[in-house]
Amino acid sequence: MLTVESLSSGYGQMNVVNDISINISQGEIVVIIGPNGCGKSTLLKTIFGLIKPYSGKMIFKGEDITGSRPFDLVGKGMGFVPQIDNVFPNLSVMENIEMGGYLEKKPDFSEIFDFFPILHDKKKEKARSLSGGERQMLAMARALMTRPGLILLDEPSAGLAPKMVGMLMEKIKEIGKTRSSVILVEQNVKSALSIADRGYIMVMGRKVFEGKADEILDHKEIGRLYLGKKDACEP
Ligand SMILES: Nc1ncnc2c1ncn2[C@@H]1O[C@H](COP(=O)(O)OP(=O)(O)OP(=O)(O)O)[C@@H](O)[C@H]1O
Ligand SMILES: [Mg+2]
């Protein structure tokens with residue numbers, strides 16, 4: 001589905017993502033974890049064409065997409081749900097979903113409402129009135145309207161109550177099974193690894209470990225060094 005080779009990127013002179021290589025196959029859920037500020041969002045933004053890479057290469061469905069713009073990538077089947085500002089707060093739930101369906105000739109709204117019934121019940125409400133979890137579901141629903149083969153999710157469970165985290169993870173698992181490959185950036189590490197196939201650990205812009213999800217969960221040293229720490233960039 002996607003191969004990222006030796007990708008480096010950042011903001012102006014500030015190098016944030018360093019020589020990262022990752023890949024994801026069709027139907028896989030791959031999680032990217034790492035401390036605050038280590039470059040996870042920057043990596044997703046670079047994959048989605050919001051930031052130009054300094055170097056490296058990205059192949060999506062067999063095609064070189066290095067340097068492609070977000071609009072083109074959506075057309076090729078990539079979806080992105082950013083970490084912040086991922087819904088239009090002053091638009092209704094329905095209008096937000098309609099925005100996502102703009103590429104479809106006949107967007108299938110009933111299908112997405114079947115998948116997220118809570119959004120159907122609240123379709124006339126403004127997005128800003130939704131709970132945090134509902135808002136994340138709306139952001140995902142909007143991105144799924146373009147029927148992506150790969151969706152990038154940046155910390156969808158941040159700040160949510162544990163019960164809502166669990167529900168959201170189940171939805172993401174279902175997305176991976178039935179709709180789209182998923183690259184999931186998460187700080188709720190255990191929940192994310194419990195639904196993922198594989199994972200990558202990033203520290204200070206570099207990939208420091210990759211493996212199967214259960215291998216990462218069971219790895220004592222990795223757990224001690226990286227998974228318990230949320231606030232420091234140092235290993
Ligand atoms: N728009 C920007 N302009 C300049 N620097 C930025 C910008 N966005 C992020 N940075 C910097 O890049 C580094 C990596 O940030 P990034 O948001 O990618 O980290 P992250 O791993 O997603 O963190 P978090 O877990 O807090 O979301 C940080 O030092 C941050 O201050
Ligand atoms: Mg981030």
# chains A, B, ... in the order shown; residues from 1 in each chain; ligands from 1
>>> residues_around(residues="segment 65-74 of chain A", least_positions_apart="4", cutoff="12 Å", atoms="only C-alpha atoms", output="VMD selection string")
chain A and resid 1 to 9 44 to 61 78 to 81 100 to 104 143 to 152
>>> select_by_dssp(residues="segment 66-159 of chain A", states="alpha helix (DSSP H)", output="VMD selection string")
chain A and resid 70 to 76 93 to 100 109 to 115 117 to 121 132 to 144
>>> write_last_selection(atoms="C-alpha atoms", output="PDB file, in the first residue's frame")
ATOM      1  CA  PRO A  70      -2.797  16.625  -0.498  1.00  0.00           C
ATOM      2  CA  PHE A  71      -5.609  17.134  -3.009  1.00  0.00           C
ATOM      3  CA  ASP A  72      -3.940  14.757  -5.472  1.00  0.00           C
ATOM      4  CA  LEU A  73      -3.284  12.217  -2.739  1.00  0.00           C
ATOM      5  CA  VAL A  74      -6.947  12.226  -1.703  1.00  0.00           C
ATOM      6  CA  GLY A  75      -7.805  11.545  -5.341  1.00  0.00           C
ATOM      7  CA  LYS A  76      -5.367   8.627  -5.337  1.00  0.00           C
ATOM      8  CA  VAL A  93     -22.486  17.130  11.362  1.00  0.00           C
ATOM      9  CA  MET A  94     -24.204  16.530   8.011  1.00  0.00           C
ATOM     10  CA  GLU A  95     -22.386  19.439   6.351  1.00  0.00           C
ATOM     11  CA  ASN A  96     -19.052  18.160   7.634  1.00  0.00           C
ATOM     12  CA  ILE A  97     -19.748  14.753   6.127  1.00  0.00           C
ATOM     13  CA  GLU A  98     -20.900  16.344   2.866  1.00  0.00           C
ATOM     14  CA  MET A  99     -17.559  18.178   2.700  1.00  0.00           C
ATOM     15  CA  GLY A 100     -15.870  14.775   2.821  1.00  0.00           C
ATOM     16  CA  PHE A 109     -24.308   8.993   3.348  1.00  0.00           C
ATOM     17  CA  SER A 110     -26.462   6.165   4.682  1.00  0.00           C
ATOM     18  CA  GLU A 111     -23.494   3.837   4.612  1.00  0.00           C
ATOM     19  CA  ILE A 112     -21.347   6.125   6.774  1.00  0.00           C
ATOM     20  CA  PHE A 113     -24.261   6.722   9.168  1.00  0.00           C
ATOM     21  CA  ASP A 114     -24.664   2.953   9.529  1.00  0.00           C
ATOM     22  CA  PHE A 115     -21.032   2.796  10.537  1.00  0.00           C
ATOM     23  CA  PRO A 117     -24.967   5.694  14.149  1.00  0.00           C
ATOM     24  CA  ILE A 118     -24.327   8.406  16.749  1.00  0.00           C
ATOM     25  CA  LEU A 119     -23.582  10.850  13.926  1.00  0.00           C
ATOM     26  CA  HIS A 120     -26.927  10.093  12.328  1.00  0.00           C
ATOM     27  CA  ASP A 121     -28.712  10.982  15.563  1.00  0.00           C
ATOM     28  CA  GLY A 132     -14.597  14.849  22.045  1.00  0.00           C
ATOM     29  CA  GLY A 133     -15.191  11.254  20.992  1.00  0.00           C
ATOM     30  CA  GLU A 134     -18.064  12.147  18.684  1.00  0.00           C
ATOM     31  CA  ARG A 135     -15.950  14.839  17.105  1.00  0.00           C
ATOM     32  CA  GLN A 136     -13.193  12.315  16.371  1.00  0.00           C
ATOM     33  CA  MET A 137     -15.757   9.992  14.816  1.00  0.00           C
ATOM     34  CA  LEU A 138     -17.010  12.854  12.658  1.00  0.00           C
ATOM     35  CA  ALA A 139     -13.464  13.632  11.530  1.00  0.00           C
ATOM     36  CA  MET A 140     -12.980   9.977  10.595  1.00  0.00           C
ATOM     37  CA  ALA A 141     -16.352   9.810   8.884  1.00  0.00           C
ATOM     38  CA  ARG A 142     -15.452  12.819   6.777  1.00  0.00           C
ATOM     39  CA  ALA A 143     -12.136  11.297   5.754  1.00  0.00           C
ATOM     40  CA  LEU A 144     -13.785   7.936   4.977  1.00  0.00           C
TER      41      LEU A 144
END
>>> residues_near_ligand(ligand="ligand 1", cutoff="12 Å", atoms="only C-alpha atoms and all ligand atoms", output="PyMOL selection string")
chain A and resi 9-18+32-46+50-51+82-84+153-159+184-189+201-207+229-233
>>> select_by_dssp(residues="segment 12-169 of chain A", states="strand (DSSP E)", output="short mmCIF file (atom, residue, chain, number, x, y, z; two decimals) with N, CA and C atoms, in the first residue's frame")
data_model
loop_
_atom_site.label_atom_id
_atom_site.label_comp_id
_atom_site.auth_asym_id
_atom_site.auth_seq_id
_atom_site.Cartn_x
_atom_site.Cartn_y
_atom_site.Cartn_z
N MET A 14 14.79 23.57 10.48
CA MET A 14 14.70 22.64 11.61
C MET A 14 14.30 21.23 11.17
N ASN A 15 15.28 20.35 11.19
CA ASN A 15 15.08 18.97 10.78
C ASN A 15 14.33 18.22 11.89
N VAL A 16 13.16 17.70 11.56
CA VAL A 16 12.34 17.03 12.58
C VAL A 16 12.26 15.52 12.34
N VAL A 17 12.00 15.13 11.11
CA VAL A 17 11.92 13.70 10.77
C VAL A 17 13.23 13.30 10.12
N ASN A 18 13.85 12.27 10.68
CA ASN A 18 15.20 11.90 10.26
C ASN A 18 15.28 10.49 9.69
N ASP A 19 15.41 10.39 8.40
CA ASP A 19 15.75 9.12 7.77
C ASP A 19 14.79 7.98 8.17
N ILE A 20 13.50 8.28 8.08
CA ILE A 20 12.49 7.29 8.51
C ILE A 20 12.07 6.40 7.34
N SER A 21 12.05 5.11 7.57
CA SER A 21 11.52 4.16 6.59
C SER A 21 10.41 3.35 7.26
N ILE A 22 9.23 3.38 6.66
CA ILE A 22 8.14 2.54 7.16
C ILE A 22 7.36 1.98 5.97
N ASN A 23 6.58 0.94 6.23
CA ASN A 23 5.72 0.45 5.17
C ASN A 23 4.44 -0.09 5.77
N ILE A 24 3.41 -0.16 4.91
CA ILE A 24 2.13 -0.72 5.36
C ILE A 24 1.48 -1.46 4.19
N ILE A 29 -3.17 -2.48 10.15
CA ILE A 29 -3.18 -1.32 11.05
C ILE A 29 -1.78 -1.23 11.64
N VAL A 30 -1.13 -0.10 11.39
CA VAL A 30 0.23 0.10 11.88
C VAL A 30 0.23 1.32 12.79
N VAL A 31 0.79 1.16 13.98
CA VAL A 31 0.77 2.26 14.94
C VAL A 31 2.16 2.89 15.05
N ILE A 32 2.18 4.21 15.18
CA ILE A 32 3.44 4.93 15.39
C ILE A 32 3.37 5.58 16.76
N ILE A 33 4.32 5.20 17.61
CA ILE A 33 4.30 5.75 18.96
C ILE A 33 5.63 6.42 19.27
N SER A 55 14.43 14.92 1.82
CA SER A 55 14.96 13.81 1.03
C SER A 55 14.13 12.57 1.32
N GLY A 56 14.33 11.54 0.53
CA GLY A 56 13.57 10.31 0.70
C GLY A 56 12.53 10.15 -0.39
N LYS A 57 11.82 9.04 -0.28
CA LYS A 57 10.91 8.66 -1.35
C LYS A 57 9.67 7.99 -0.76
N MET A 58 8.52 8.23 -1.41
CA MET A 58 7.29 7.57 -0.96
C MET A 58 6.58 6.94 -2.16
N ILE A 59 6.26 5.67 -2.00
CA ILE A 59 5.55 4.94 -3.06
C ILE A 59 4.18 4.54 -2.51
N PHE A 60 3.11 4.98 -3.20
CA PHE A 60 1.74 4.67 -2.77
C PHE A 60 1.06 3.89 -3.88
N GLU A 63 2.97 3.79 -7.04
CA GLU A 63 3.28 5.03 -7.75
C GLU A 63 4.12 5.95 -6.85
N ASP A 64 5.12 6.59 -7.46
CA ASP A 64 5.94 7.52 -6.69
C ASP A 64 5.13 8.78 -6.39
N MET A 78 -5.80 8.42 -0.53
CA MET A 78 -5.23 8.58 0.82
C MET A 78 -6.12 9.52 1.61
N GLY A 79 -6.35 9.18 2.87
CA GLY A 79 -7.13 10.06 3.74
C GLY A 79 -6.31 10.46 4.95
N PHE A 80 -6.61 11.62 5.51
CA PHE A 80 -5.83 12.13 6.65
C PHE A 80 -6.77 12.79 7.64
N VAL A 81 -6.64 12.40 8.90
CA VAL A 81 -7.36 13.09 9.97
C VAL A 81 -6.31 13.73 10.88
N LEU A 150 -5.98 4.03 2.22
CA LEU A 150 -5.09 4.22 3.37
C LEU A 150 -5.54 5.48 4.10
N ILE A 151 -5.72 5.36 5.40
CA ILE A 151 -6.09 6.53 6.18
C ILE A 151 -5.04 6.76 7.27
N LEU A 152 -4.66 8.03 7.44
CA LEU A 152 -3.68 8.42 8.45
C LEU A 152 -4.43 9.09 9.59
N LEU A 153 -4.32 8.55 10.80
CA LEU A 153 -5.06 9.10 11.95
C LEU A 153 -4.06 9.60 12.98
N ASP A 154 -4.16 10.90 13.32
CA ASP A 154 -3.20 11.48 14.25
C ASP A 154 -3.83 11.65 15.64
#
>>> residues_around(residues="Arg128 of chain A", least_positions_apart="3", cutoff="8 Å", atoms="only C-alpha atoms", output="ChimeraX atom specification")
/A:88-90,135
>>> closest_residue(among="A:Asp108, A:Asp197, A:Val182, A:Ala192", to="Glu170 of chain A", atoms="only C-alpha atoms")
A:Ala192
